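Trainee: File target15.cif follows (mmCIF, C-alpha atoms and all ligand atoms):
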```
data_my_file
loop_
_atom_site.label_atom_id
_atom_site.label_comp_id
_atom_site.auth_asym_id
_atom_site.auth_seq_id
_atom_site.Cartn_x
_atom_site.Cartn_y
_atom_site.Cartn_z
CA MET A 6 39.70 -70.02 69.62
CA ASN A 7 42.52 -72.45 70.51
CA LEU A 8 43.14 -75.45 68.29
CA GLU A 9 44.98 -78.53 69.51
CA PHE A 10 48.00 -79.74 67.51
CA TYR A 11 50.46 -82.65 67.69
CA LYS A 12 54.14 -82.43 66.79
CA TYR A 13 55.42 -85.58 65.04
CA GLN A 14 58.62 -86.76 63.40
CA GLY A 15 59.14 -89.66 61.02
CA THR A 16 62.86 -90.34 60.50
CA GLY A 17 63.51 -86.67 61.18
CA ASN A 18 60.91 -85.33 58.71
CA ASP A 19 58.78 -83.29 61.12
CA PHE A 20 55.17 -82.19 61.02
CA ILE A 21 52.52 -80.22 62.85
CA ILE A 22 49.36 -82.34 62.72
CA VAL A 23 45.95 -80.90 63.53
CA ASP A 24 42.98 -83.14 64.29
CA ASN A 25 40.53 -81.25 62.07
CA ARG A 26 37.58 -83.60 62.40
CA SER A 27 35.82 -80.63 64.00
CA GLU A 28 36.50 -78.61 60.78
CA LEU A 29 37.63 -75.65 62.93
CA PHE A 30 40.94 -75.13 61.08
CA PRO A 31 40.36 -72.06 58.84
CA LYS A 32 41.43 -73.59 55.51
CA LYS A 33 39.47 -70.98 53.55
CA ASP A 34 41.10 -67.98 55.29
CA THR A 35 42.77 -65.85 52.57
CA LYS A 36 45.90 -65.59 54.77
CA ILE A 37 46.07 -69.31 55.60
CA ASN A 38 49.21 -69.95 53.50
CA SER A 39 51.24 -67.33 55.36
CA LYS A 40 49.81 -68.49 58.72
CA ILE A 41 50.91 -72.08 57.99
CA SER A 42 54.36 -71.01 56.84
CA LYS A 43 54.75 -68.99 60.06
CA LEU A 44 53.78 -72.01 62.18
CA CYS A 45 56.37 -74.11 60.30
CA GLU A 46 59.11 -71.47 60.71
CA ARG A 47 61.70 -72.63 63.25
CA HIS A 48 62.27 -69.30 65.06
CA PHE A 49 58.90 -67.52 65.11
CA GLY A 50 56.69 -70.63 64.99
CA ILE A 51 56.64 -74.26 66.10
CA GLY A 52 59.01 -75.37 63.36
CA ALA A 53 58.24 -78.18 60.92
CA ASP A 54 58.75 -79.41 57.35
CA GLY A 55 54.98 -79.35 56.84
CA LEU A 56 51.52 -79.16 58.37
CA ILE A 57 48.90 -81.89 58.08
CA LEU A 58 45.16 -81.89 58.71
CA LEU A 59 43.52 -85.13 59.74
CA GLU A 60 39.90 -84.85 58.58
CA LYS A 61 36.72 -86.88 58.48
CA CYS A 62 36.07 -88.67 55.19
CA LYS A 63 33.02 -90.60 54.04
CA GLY A 64 33.86 -94.24 53.25
CA TYR A 65 37.39 -94.03 54.72
CA ASP A 66 38.87 -93.79 58.20
CA PHE A 67 40.14 -90.26 57.52
CA ASN A 68 41.40 -87.82 54.90
CA MET A 69 44.92 -86.36 55.06
CA VAL A 70 45.57 -82.83 53.78
CA TYR A 71 49.24 -81.87 53.47
CA TYR A 72 50.84 -78.41 53.30
CA ASN A 73 54.56 -77.87 52.71
CA SER A 74 56.40 -75.51 55.10
CA ASP A 75 56.01 -72.68 52.56
CA GLY A 76 52.29 -72.84 53.44
CA ARG A 77 51.13 -74.17 50.08
CA GLU A 78 49.08 -77.34 49.78
CA GLY A 79 51.39 -80.11 48.62
CA THR A 80 50.81 -83.51 47.08
CA MET A 81 51.37 -86.80 48.98
CA CYS A 82 53.80 -86.99 51.89
CA GLY A 83 55.03 -90.49 52.79
CA ASN A 84 56.56 -89.72 56.17
CA GLY A 85 53.66 -87.39 57.01
CA GLY A 86 51.27 -90.18 56.04
CA ARG A 87 53.01 -92.57 58.42
CA CYS A 88 52.83 -89.99 61.24
CA THR A 89 49.13 -89.30 60.54
CA VAL A 90 48.39 -93.04 60.70
CA ASP A 91 50.04 -93.18 64.14
CA LEU A 92 47.94 -90.22 65.31
CA ALA A 93 44.75 -91.80 63.94
CA LYS A 94 45.52 -94.91 66.00
CA TYR A 95 46.17 -92.74 69.09
CA LEU A 96 42.80 -91.02 68.52
CA LYS A 97 41.20 -94.50 68.36
CA ILE A 98 40.05 -94.03 64.75
CA PHE A 99 41.30 -97.59 64.03
CA GLU A 100 43.14 -100.38 65.84
CA ARG A 101 45.67 -102.23 63.61
CA GLU A 102 44.86 -101.53 59.95
CA THR A 103 43.45 -98.46 58.28
CA THR A 104 42.37 -97.17 54.89
CA PHE A 105 42.52 -93.44 54.29
CA LEU A 106 42.48 -90.89 51.51
CA GLY A 107 45.48 -88.73 50.58
CA PHE A 108 46.02 -86.24 47.75
CA ASP A 109 46.99 -89.12 45.41
CA GLY A 110 44.14 -91.50 46.31
CA VAL A 111 43.50 -94.40 48.66
CA HIS A 112 46.18 -95.65 51.07
CA HIS A 113 46.23 -98.77 53.25
CA ALA A 114 48.45 -98.80 56.33
CA SER A 115 49.13 -100.89 59.40
CA VAL A 116 50.81 -100.58 62.76
CA GLU A 117 53.39 -103.40 62.94
CA VAL A 118 54.32 -105.39 66.09
CA ASP A 119 57.40 -103.18 66.56
CA ASN A 120 55.11 -100.10 66.33
CA LYS A 121 56.64 -99.13 62.98
CA ILE A 122 54.12 -97.81 60.47
CA LYS A 123 53.82 -99.62 57.14
CA LEU A 124 52.15 -97.48 54.48
CA GLN A 125 51.09 -98.58 51.03
CA MET A 126 52.07 -96.03 48.41
CA LYS A 127 50.52 -95.31 45.03
CA ASN A 128 51.46 -97.57 42.10
CA VAL A 129 54.20 -96.31 39.77
CA GLN A 130 53.53 -96.90 36.06
CA GLU A 131 56.48 -95.11 34.56
CA VAL A 132 60.10 -94.27 35.40
CA LYS A 133 61.48 -91.70 32.95
CA LYS A 134 65.22 -91.66 32.23
CA ARG A 135 66.61 -88.09 32.27
CA ASP A 136 70.33 -88.22 33.17
CA GLY A 137 68.88 -89.49 36.43
CA PHE A 138 65.29 -90.74 36.78
CA PHE A 139 61.97 -88.95 37.13
CA LEU A 140 58.88 -90.59 38.63
CA ASP A 141 55.76 -89.83 40.66
CA THR A 142 55.36 -91.72 43.93
CA GLY A 143 52.51 -89.49 45.12
CA SER A 144 54.79 -86.48 44.71
CA PRO A 145 57.18 -85.85 41.80
CA HIS A 146 60.80 -86.92 42.32
CA TYR A 147 64.03 -86.68 40.39
CA VAL A 148 66.64 -89.28 41.48
CA VAL A 149 70.35 -89.17 40.66
CA MET A 150 73.36 -91.18 41.89
CA VAL A 151 76.33 -89.26 43.32
CA ASP A 152 79.69 -90.04 44.93
CA ASP A 153 80.73 -88.98 48.43
CA ILE A 154 77.14 -88.30 49.45
CA TYR A 155 78.04 -87.16 52.99
CA ASN A 156 79.85 -84.14 51.55
CA TYR A 157 77.54 -83.55 48.60
CA PRO A 158 76.12 -79.98 48.34
CA VAL A 159 72.47 -81.13 48.40
CA LYS A 160 70.90 -77.71 48.98
CA GLU A 161 72.85 -75.90 46.28
CA LYS A 162 72.48 -78.60 43.59
CA GLY A 163 68.92 -79.54 44.63
CA ARG A 164 67.65 -75.98 44.37
CA ILE A 165 68.86 -75.72 40.77
CA ILE A 166 67.46 -79.08 39.59
CA ALA A 167 64.12 -78.62 41.43
CA HIS A 168 63.19 -75.61 39.32
CA LEU A 169 64.51 -76.62 35.90
CA GLU A 170 62.14 -75.96 33.01
CA PRO A 171 60.77 -79.55 32.57
CA TYR A 172 59.37 -79.45 36.12
CA GLY A 173 57.24 -76.36 35.48
CA LYS A 174 56.10 -73.77 37.99
CA LYS A 175 55.62 -76.30 40.80
CA GLY A 176 59.09 -77.86 40.52
CA THR A 177 60.17 -81.30 41.67
CA ASN A 178 61.77 -82.89 44.72
CA VAL A 179 65.36 -84.03 44.16
CA ASN A 180 67.05 -87.12 45.64
CA PHE A 181 70.79 -87.83 45.71
CA VAL A 182 71.67 -91.50 46.15
CA GLU A 183 74.79 -93.53 46.95
CA GLN A 184 74.83 -97.34 47.17
CA ASN A 185 76.28 -98.83 50.35
CA GLY A 186 75.31 -102.52 50.09
CA ASN A 187 73.55 -105.06 47.80
CA ASN A 188 70.10 -103.75 48.66
CA SER A 189 71.05 -100.68 50.67
CA PHE A 190 71.40 -97.03 49.71
CA PHE A 191 72.00 -93.68 51.42
CA VAL A 192 69.57 -90.98 50.25
CA ARG A 193 69.56 -87.21 50.80
CA THR A 194 66.57 -85.20 49.56
CA TYR A 195 65.98 -81.58 48.59
CA GLU A 196 62.26 -80.94 49.08
CA ARG A 197 60.36 -78.45 46.98
CA GLY A 198 58.01 -76.40 49.14
CA VAL A 199 60.55 -76.59 51.96
CA GLU A 200 63.24 -75.35 49.55
CA ASP A 201 65.91 -77.07 51.58
CA GLU A 202 67.25 -80.49 52.43
CA THR A 203 65.05 -82.38 54.92
CA LEU A 204 66.39 -85.19 57.12
CA SER A 205 64.26 -87.72 55.25
CA CYS A 206 61.50 -87.82 52.62
CA GLY A 207 59.13 -90.80 52.37
CA THR A 208 57.97 -90.38 48.77
CA GLY A 209 61.62 -89.58 47.96
CA VAL A 210 63.08 -92.79 49.38
CA VAL A 211 60.37 -94.81 47.61
CA ALA A 212 61.30 -93.06 44.33
CA SER A 213 64.99 -93.73 45.03
CA ALA A 214 64.46 -97.45 45.79
CA ILE A 215 62.39 -97.99 42.63
CA SER A 216 64.89 -96.03 40.51
CA MET A 217 67.80 -98.11 41.82
CA PHE A 218 65.94 -101.34 40.96
CA HIS A 219 64.99 -99.90 37.55
CA ALA A 220 68.65 -98.99 36.92
CA GLN A 221 69.65 -102.58 37.88
CA GLN A 222 71.79 -101.30 40.74
CA THR A 223 70.07 -103.99 42.84
CA LYS A 224 68.08 -107.14 42.09
CA SER A 225 66.21 -106.92 45.38
CA LYS A 226 62.60 -105.75 45.68
CA ASN A 227 63.14 -105.21 49.38
CA ILE A 228 65.42 -102.23 49.85
CA ASN A 229 66.85 -100.55 52.93
CA ILE A 230 67.37 -96.82 52.79
CA ILE A 231 69.44 -94.79 55.21
CA THR A 232 68.64 -91.10 55.53
CA ARG A 233 70.15 -88.47 57.81
CA GLY A 234 67.09 -88.94 60.06
CA GLY A 235 66.97 -92.74 60.24
CA HIS A 236 66.27 -95.99 58.43
CA LEU A 237 63.36 -96.87 56.14
CA ASN A 238 62.41 -100.05 54.32
CA ILE A 239 60.75 -100.18 50.91
CA SER A 240 59.26 -103.27 49.28
CA PHE A 241 57.39 -103.62 45.98
CA LYS A 242 56.26 -105.97 43.19
CA ILE A 243 56.45 -105.61 39.43
CA ASP A 244 53.65 -106.24 36.94
CA ASN A 245 53.95 -107.62 33.39
CA ASN A 246 54.06 -104.14 31.87
CA GLY A 247 57.03 -103.06 33.98
CA GLY A 248 54.88 -101.06 36.42
CA TYR A 249 55.45 -101.17 40.17
CA HIS A 250 52.67 -102.07 42.62
CA SER A 251 52.16 -103.24 46.23
CA ILE A 252 54.71 -100.59 47.21
CA PHE A 253 55.18 -100.31 50.97
CA LEU A 254 57.16 -97.76 52.99
CA LYS A 255 57.97 -98.83 56.54
CA GLY A 256 59.68 -97.06 59.43
CA ALA A 257 59.45 -95.56 62.89
CA VAL A 258 57.55 -92.42 63.87
CA GLU A 259 57.37 -90.47 67.11
CA LYS A 260 54.73 -88.26 68.69
CA VAL A 261 57.00 -85.60 70.20
CA TYR A 262 54.56 -83.26 71.94
CA GLN A 263 51.09 -81.79 71.95
CA GLY A 264 49.99 -78.16 72.26
CA HIS A 265 47.53 -75.42 71.33
CA LEU A 266 47.58 -73.06 68.36
CA PHE A 267 46.65 -69.58 69.56
CA GLY A 268 44.79 -67.14 67.36
CA PHE A 269 43.09 -69.77 65.21
N1 LIG B 301 58.39 -85.10 52.98
C1 LIG B 301 57.42 -85.68 52.15
C2 LIG B 301 57.30 -85.20 50.75
C3 LIG B 301 56.54 -83.96 50.73
C4 LIG B 301 56.10 -83.55 49.38
C5 LIG B 301 57.02 -82.62 48.74
N2 LIG B 301 57.67 -81.63 49.49
C6 LIG B 301 56.23 -82.03 47.57
O1 LIG B 301 55.51 -81.03 47.71
O2 LIG B 301 56.30 -82.62 46.53
C7 LIG B 301 57.48 -87.19 52.16
O3 LIG B 301 57.84 -87.75 53.19
O4 LIG B 301 57.07 -87.81 51.19
#
```
Can you dump the structure from the file as C-alpha cells?
Ligand SMILES: N[C@@H](CCC[C@H](N)C(=O)O)C(=O)O
Mentor:
Amino acid sequence: MNLEFYKYQGTGNDFIIVDNRSELFPKKDTKINSKISKLCERHFGIGADGLILLEKCKGYDFNMVYYNSDGREGTMCGNGGRCTVDLAKYLKIFERETTFLGFDGVHHASVEVDNKIKLQMKNVQEVKKRDGFFLDTGSPHYVVMVDDIYNYPVKEKGRIIAHLEPYGKKGTNVNFVEQNGNNSFFVRTYERGVEDETLSCGTGVVASAISMFHAQQTKSKNINIITRGGHLNISFKIDNNGGYHSIFLKGAVEKVYQGHLFGF
C-alpha cells in the first residue's frame, strides 16, 4: 500500500506529515519506531526533524500525533503544530480558525492575513530556576543565557544538559539564548529525540521568551525571537498567581512537497 505524505518546514524545523484520517498508517506495527526514524534520516529516507500524523478526532477538527526523528512518540511540537494547522486548512478541514487536540491538550489556531500561523500554546504555571530556567510549554525545556551565541557549541553542550539526572530517562530540550534588543532574542535549541541542534523549535522559543520575561530581561509580553531558520513572535498574558496564559506562537510555514511512502 502507498501512503501519501506532505513535507513541511516551519522556520527550518522540518516534518513529514501524513494525513491519517484513513487510519492506514501502521502505528501499532512493532517496528514502527525504526521505520519512522528511517523516514526521518536524511540520507536513506526523506529527512526530517519529526513525523506527524493528522488524525480524525471526535469534538475537534483533528488530532495531532508527533514522533521525534528517533522514531519515538514525542510530546507537543510548536512548529509541527503550526505546519499541521496549515495542512488541515489545505485539506479543507477548516477555513480560518481551528481547534485541535495535541499531546498536551486542546489548541486553538488561526491562519493570519499574511498566511502566518498563530497557535495557542498550553498555559505555563511554573518556571523553575536552575542555573538557567526549566519549564514545560507542551514539551520540557531548559533555557540558559550565553554570550557569542553564533559560535556557541550548541550540540556538545546541549547533549550533556539534555540528559542530566534531574531530567530522567526522557531528557529535556535545551535552549541557548542571547538578547539582541529590548524585546528581541536569538535562540538556538538542542532537541531531545533529534539529539542535535534543529534550526528552530516552537515550544523552545516559547519557553525562551517566557524565561526572559521571568528573568526581567525584558518588560515586554510581545517578544520577537530569531532562530537559525527564521523569525517567530511570542505573546502572552500573566495571571495573578504569576502563571502565563493566552500564549501564542506565530510564524511562517511552508508546504515544500508531497509524495508517497512505499512499503506502508
Ligand atoms: N521541534 C518541536 C519540539 C519537539 C519536541 C521535542 N523534541 C521533545 O520531544 O520534547 C517544536 O517546535 O516545539
Trainee: Can you tell me which residues surround stretch 107-122 of chain A at a distance of at most 9 Å, considering only C-alpha atoms, apart from same-chain residues fewer than 3 positions away, and format the answer as a PyMOL selection string?
Mentor: chain A and resi 65+67-71+79-82+86-88+90-91+94+100-104+125-127+142-144+253-258
Trainee: Could you tell me how far atom CA of A:Phe181 sits from atom CA of A:Lys162, in Å to one decimal place?
Mentor: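 Between these atoms lies a distance of 9.6 Å.
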Trainee: Using all atoms listed in the file, what are the residues with an atom within 6 Å of ligand LIG 301 (chain B), set out as a list in words?
Mentor: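 My answer, listing the contacting residues, is Asn73, Gly79, Thr80, Met81, Cys82, Gly83, Asn84, Gly85, Ser144, Pro145, Asn178, Glu196, Arg197, Gly198, Cys206, Gly207, Thr208 and Gly209 of chain A.
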Trainee: Taking all atoms listed in the file into account, which of A:Phe190, A:Phe241, A:Tyr155, A:Tyr11 comes nearest A:Ala93?
Mentor: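 Comparing A:Phe190, A:Phe241, A:Tyr155, A:Tyr11 against A:Ala93, the winner is A:Tyr11.
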Trainee: Put the listed atoms of stretch 74-93 of chain A in a box along x, y and z with 4 Å added on every side and give me the centre and edge lengths in Å to one decimal, as lines of an AutoDock Vina configuration file.
Mentor:
```
center_x = 50.7
center_y = -82.9
center_z = 56.2
size_x = 19.8
size_y = 28.5
size_z = 26.2
```
Trainee: Can you work out which one of A:Asn227, A:Ser216, A:Asp66, A:Tyr195 has the shortest atom-to-atom distance to A:His168, counting all atoms listed in the file?
Mentor: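 That would be A:Tyr195, the residue with the smallest distance to A:His168.
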Trainee: Kindly indicate which residue among A:Asp152, A:Val210, A:Gln14, A:Phe218 lies nearest to A:Asn187, using only C-alpha atoms for the distances.
Mentor: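 Closest residue, counting only C-alpha atoms: A:Phe218.
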Trainee: Would you fill the gaps in stretch 155-166 of chain A so it has all heavy atoms, then print it as a PDB file, keeping the file's coordinate frame?
Mentor:
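The resulting file, part.pdb, is shown below:
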```pdb
ATOM      1  N   TYR A 155      78.005 -87.885  51.701  1.00  0.00           N
ATOM      2  CA  TYR A 155      78.040 -87.160  52.990  1.00  0.00           C
ATOM      3  C   TYR A 155      78.476 -85.705  52.779  1.00  0.00           C
ATOM      4  O   TYR A 155      78.054 -84.813  53.496  1.00  0.00           O
ATOM      5  CB  TYR A 155      78.987 -87.851  53.984  1.00  0.00           C
ATOM      6  CG  TYR A 155      78.452 -89.188  54.424  1.00  0.00           C
ATOM      7  CD1 TYR A 155      78.838 -90.359  53.762  1.00  0.00           C
ATOM      8  CD2 TYR A 155      77.543 -89.300  55.479  1.00  0.00           C
ATOM      9  CE1 TYR A 155      78.337 -91.587  54.140  1.00  0.00           C
ATOM     10  CE2 TYR A 155      77.034 -90.531  55.860  1.00  0.00           C
ATOM     11  CZ  TYR A 155      77.423 -91.673  55.188  1.00  0.00           C
ATOM     12  OH  TYR A 155      76.915 -92.887  55.547  1.00  0.00           O
ATOM     13  N   ASN A 156      79.340 -85.491  51.797  1.00  0.00           N
ATOM     14  CA  ASN A 156      79.850 -84.140  51.550  1.00  0.00           C
ATOM     15  C   ASN A 156      79.188 -83.457  50.360  1.00  0.00           C
ATOM     16  O   ASN A 156      79.620 -82.392  49.942  1.00  0.00           O
ATOM     17  CB  ASN A 156      81.374 -84.191  51.314  1.00  0.00           C
ATOM     18  CG  ASN A 156      82.088 -84.642  52.573  1.00  0.00           C
ATOM     19  OD1 ASN A 156      81.866 -84.071  53.645  1.00  0.00           O
ATOM     20  ND2 ASN A 156      82.895 -85.687  52.463  1.00  0.00           N
ATOM     21  N   TYR A 157      78.154 -84.089  49.810  1.00  0.00           N
ATOM     22  CA  TYR A 157      77.540 -83.550  48.600  1.00  0.00           C
ATOM     23  C   TYR A 157      76.732 -82.283  48.913  1.00  0.00           C
ATOM     24  O   TYR A 157      75.995 -82.236  49.906  1.00  0.00           O
ATOM     25  CB  TYR A 157      76.621 -84.618  47.966  1.00  0.00           C
ATOM     26  CG  TYR A 157      76.282 -84.282  46.550  1.00  0.00           C
ATOM     27  CD1 TYR A 157      77.188 -84.517  45.524  1.00  0.00           C
ATOM     28  CD2 TYR A 157      75.074 -83.663  46.238  1.00  0.00           C
ATOM     29  CE1 TYR A 157      76.897 -84.161  44.213  1.00  0.00           C
ATOM     30  CE2 TYR A 157      74.769 -83.308  44.935  1.00  0.00           C
ATOM     31  CZ  TYR A 157      75.688 -83.563  43.931  1.00  0.00           C
ATOM     32  OH  TYR A 157      75.398 -83.197  42.641  1.00  0.00           O
ATOM     33  N   PRO A 158      76.853 -81.227  48.079  1.00  0.00           N
ATOM     34  CA  PRO A 158      76.120 -79.980  48.340  1.00  0.00           C
ATOM     35  C   PRO A 158      74.642 -80.066  47.935  1.00  0.00           C
ATOM     36  O   PRO A 158      74.204 -79.501  46.925  1.00  0.00           O
ATOM     37  CB  PRO A 158      76.873 -78.950  47.490  1.00  0.00           C
ATOM     38  CG  PRO A 158      77.471 -79.735  46.388  1.00  0.00           C
ATOM     39  CD  PRO A 158      77.729 -81.132  46.900  1.00  0.00           C
ATOM     40  N   VAL A 159      73.868 -80.811  48.735  1.00  0.00           N
ATOM     41  CA  VAL A 159      72.470 -81.130  48.400  1.00  0.00           C
ATOM     42  C   VAL A 159      71.626 -79.877  48.192  1.00  0.00           C
ATOM     43  O   VAL A 159      70.851 -79.781  47.230  1.00  0.00           O
ATOM     44  CB  VAL A 159      71.866 -82.026  49.518  1.00  0.00           C
ATOM     45  CG1 VAL A 159      70.354 -82.155  49.380  1.00  0.00           C
ATOM     46  CG2 VAL A 159      72.526 -83.402  49.477  1.00  0.00           C
ATOM     47  N   LYS A 160      71.753 -78.903  49.088  1.00  0.00           N
ATOM     48  CA  LYS A 160      70.900 -77.710  48.980  1.00  0.00           C
ATOM     49  C   LYS A 160      71.199 -76.925  47.700  1.00  0.00           C
ATOM     50  O   LYS A 160      70.290 -76.552  46.957  1.00  0.00           O
ATOM     51  CB  LYS A 160      71.068 -76.833  50.215  1.00  0.00           C
ATOM     52  CG  LYS A 160      70.101 -75.663  50.221  1.00  0.00           C
ATOM     53  CD  LYS A 160      70.072 -74.944  51.524  1.00  0.00           C
ATOM     54  CE  LYS A 160      69.112 -73.753  51.440  1.00  0.00           C
ATOM     55  NZ  LYS A 160      69.045 -73.004  52.681  1.00  0.00           N
ATOM     56  N   GLU A 161      72.461 -76.702  47.446  1.00  0.00           N
ATOM     57  CA  GLU A 161      72.850 -75.900  46.280  1.00  0.00           C
ATOM     58  C   GLU A 161      72.429 -76.589  44.971  1.00  0.00           C
ATOM     59  O   GLU A 161      71.793 -75.989  44.118  1.00  0.00           O
ATOM     60  CB  GLU A 161      74.381 -75.663  46.253  1.00  0.00           C
ATOM     61  CG  GLU A 161      74.885 -74.734  47.337  1.00  0.00           C
ATOM     62  CD  GLU A 161      74.972 -75.392  48.731  1.00  0.00           C
ATOM     63  OE1 GLU A 161      74.629 -76.587  48.859  1.00  0.00           O
ATOM     64  OE2 GLU A 161      75.355 -74.697  49.688  1.00  0.00           O
ATOM     65  N   LYS A 162      72.781 -77.873  44.834  1.00  0.00           N
ATOM     66  CA  LYS A 162      72.480 -78.600  43.590  1.00  0.00           C
ATOM     67  C   LYS A 162      70.967 -78.854  43.487  1.00  0.00           C
ATOM     68  O   LYS A 162      70.388 -78.759  42.411  1.00  0.00           O
ATOM     69  CB  LYS A 162      73.219 -79.944  43.536  1.00  0.00           C
ATOM     70  CG  LYS A 162      74.726 -79.802  43.587  1.00  0.00           C
ATOM     71  CD  LYS A 162      75.287 -79.404  42.243  1.00  0.00           C
ATOM     72  CE  LYS A 162      76.805 -79.490  42.271  1.00  0.00           C
ATOM     73  NZ  LYS A 162      77.428 -78.898  41.099  1.00  0.00           N
ATOM     74  N   GLY A 163      70.349 -79.222  44.617  1.00  0.00           N
ATOM     75  CA  GLY A 163      68.920 -79.540  44.630  1.00  0.00           C
ATOM     76  C   GLY A 163      68.084 -78.354  44.188  1.00  0.00           C
ATOM     77  O   GLY A 163      67.152 -78.493  43.395  1.00  0.00           O
ATOM     78  N   ARG A 164      68.429 -77.181  44.687  1.00  0.00           N
ATOM     79  CA  ARG A 164      67.650 -75.980  44.370  1.00  0.00           C
ATOM     80  C   ARG A 164      67.646 -75.700  42.865  1.00  0.00           C
ATOM     81  O   ARG A 164      66.645 -75.295  42.301  1.00  0.00           O
ATOM     82  CB  ARG A 164      68.251 -74.780  45.113  1.00  0.00           C
ATOM     83  CG  ARG A 164      67.398 -73.530  44.985  1.00  0.00           C
ATOM     84  CD  ARG A 164      68.181 -72.280  45.302  1.00  0.00           C
ATOM     85  NE  ARG A 164      68.460 -72.150  46.728  1.00  0.00           N
ATOM     86  CZ  ARG A 164      69.643 -71.794  47.224  1.00  0.00           C
ATOM     87  NH1 ARG A 164      70.660 -71.552  46.412  1.00  0.00           N
ATOM     88  NH2 ARG A 164      69.824 -71.676  48.521  1.00  0.00           N
ATOM     89  N   ILE A 165      68.777 -75.964  42.219  1.00  0.00           N
ATOM     90  CA  ILE A 165      68.860 -75.720  40.770  1.00  0.00           C
ATOM     91  C   ILE A 165      68.002 -76.734  40.010  1.00  0.00           C
ATOM     92  O   ILE A 165      67.162 -76.370  39.185  1.00  0.00           O
ATOM     93  CB  ILE A 165      70.336 -75.792  40.296  1.00  0.00           C
ATOM     94  CG1 ILE A 165      71.138 -74.659  40.948  1.00  0.00           C
ATOM     95  CG2 ILE A 165      70.428 -75.731  38.771  1.00  0.00           C
ATOM     96  CD1 ILE A 165      72.641 -74.817  40.836  1.00  0.00           C
ATOM     97  N   ILE A 166      68.188 -78.028  40.337  1.00  0.00           N
ATOM     98  CA  ILE A 166      67.460 -79.080  39.590  1.00  0.00           C
ATOM     99  C   ILE A 166      65.949 -78.944  39.822  1.00  0.00           C
ATOM    100  O   ILE A 166      65.153 -79.100  38.899  1.00  0.00           O
ATOM    101  CB  ILE A 166      67.947 -80.481  40.024  1.00  0.00           C
ATOM    102  CG1 ILE A 166      69.427 -80.647  39.688  1.00  0.00           C
ATOM    103  CG2 ILE A 166      67.109 -81.578  39.355  1.00  0.00           C
ATOM    104  CD1 ILE A 166      70.076 -81.890  40.291  1.00  0.00           C
TER     105      ILE A 166
END
```
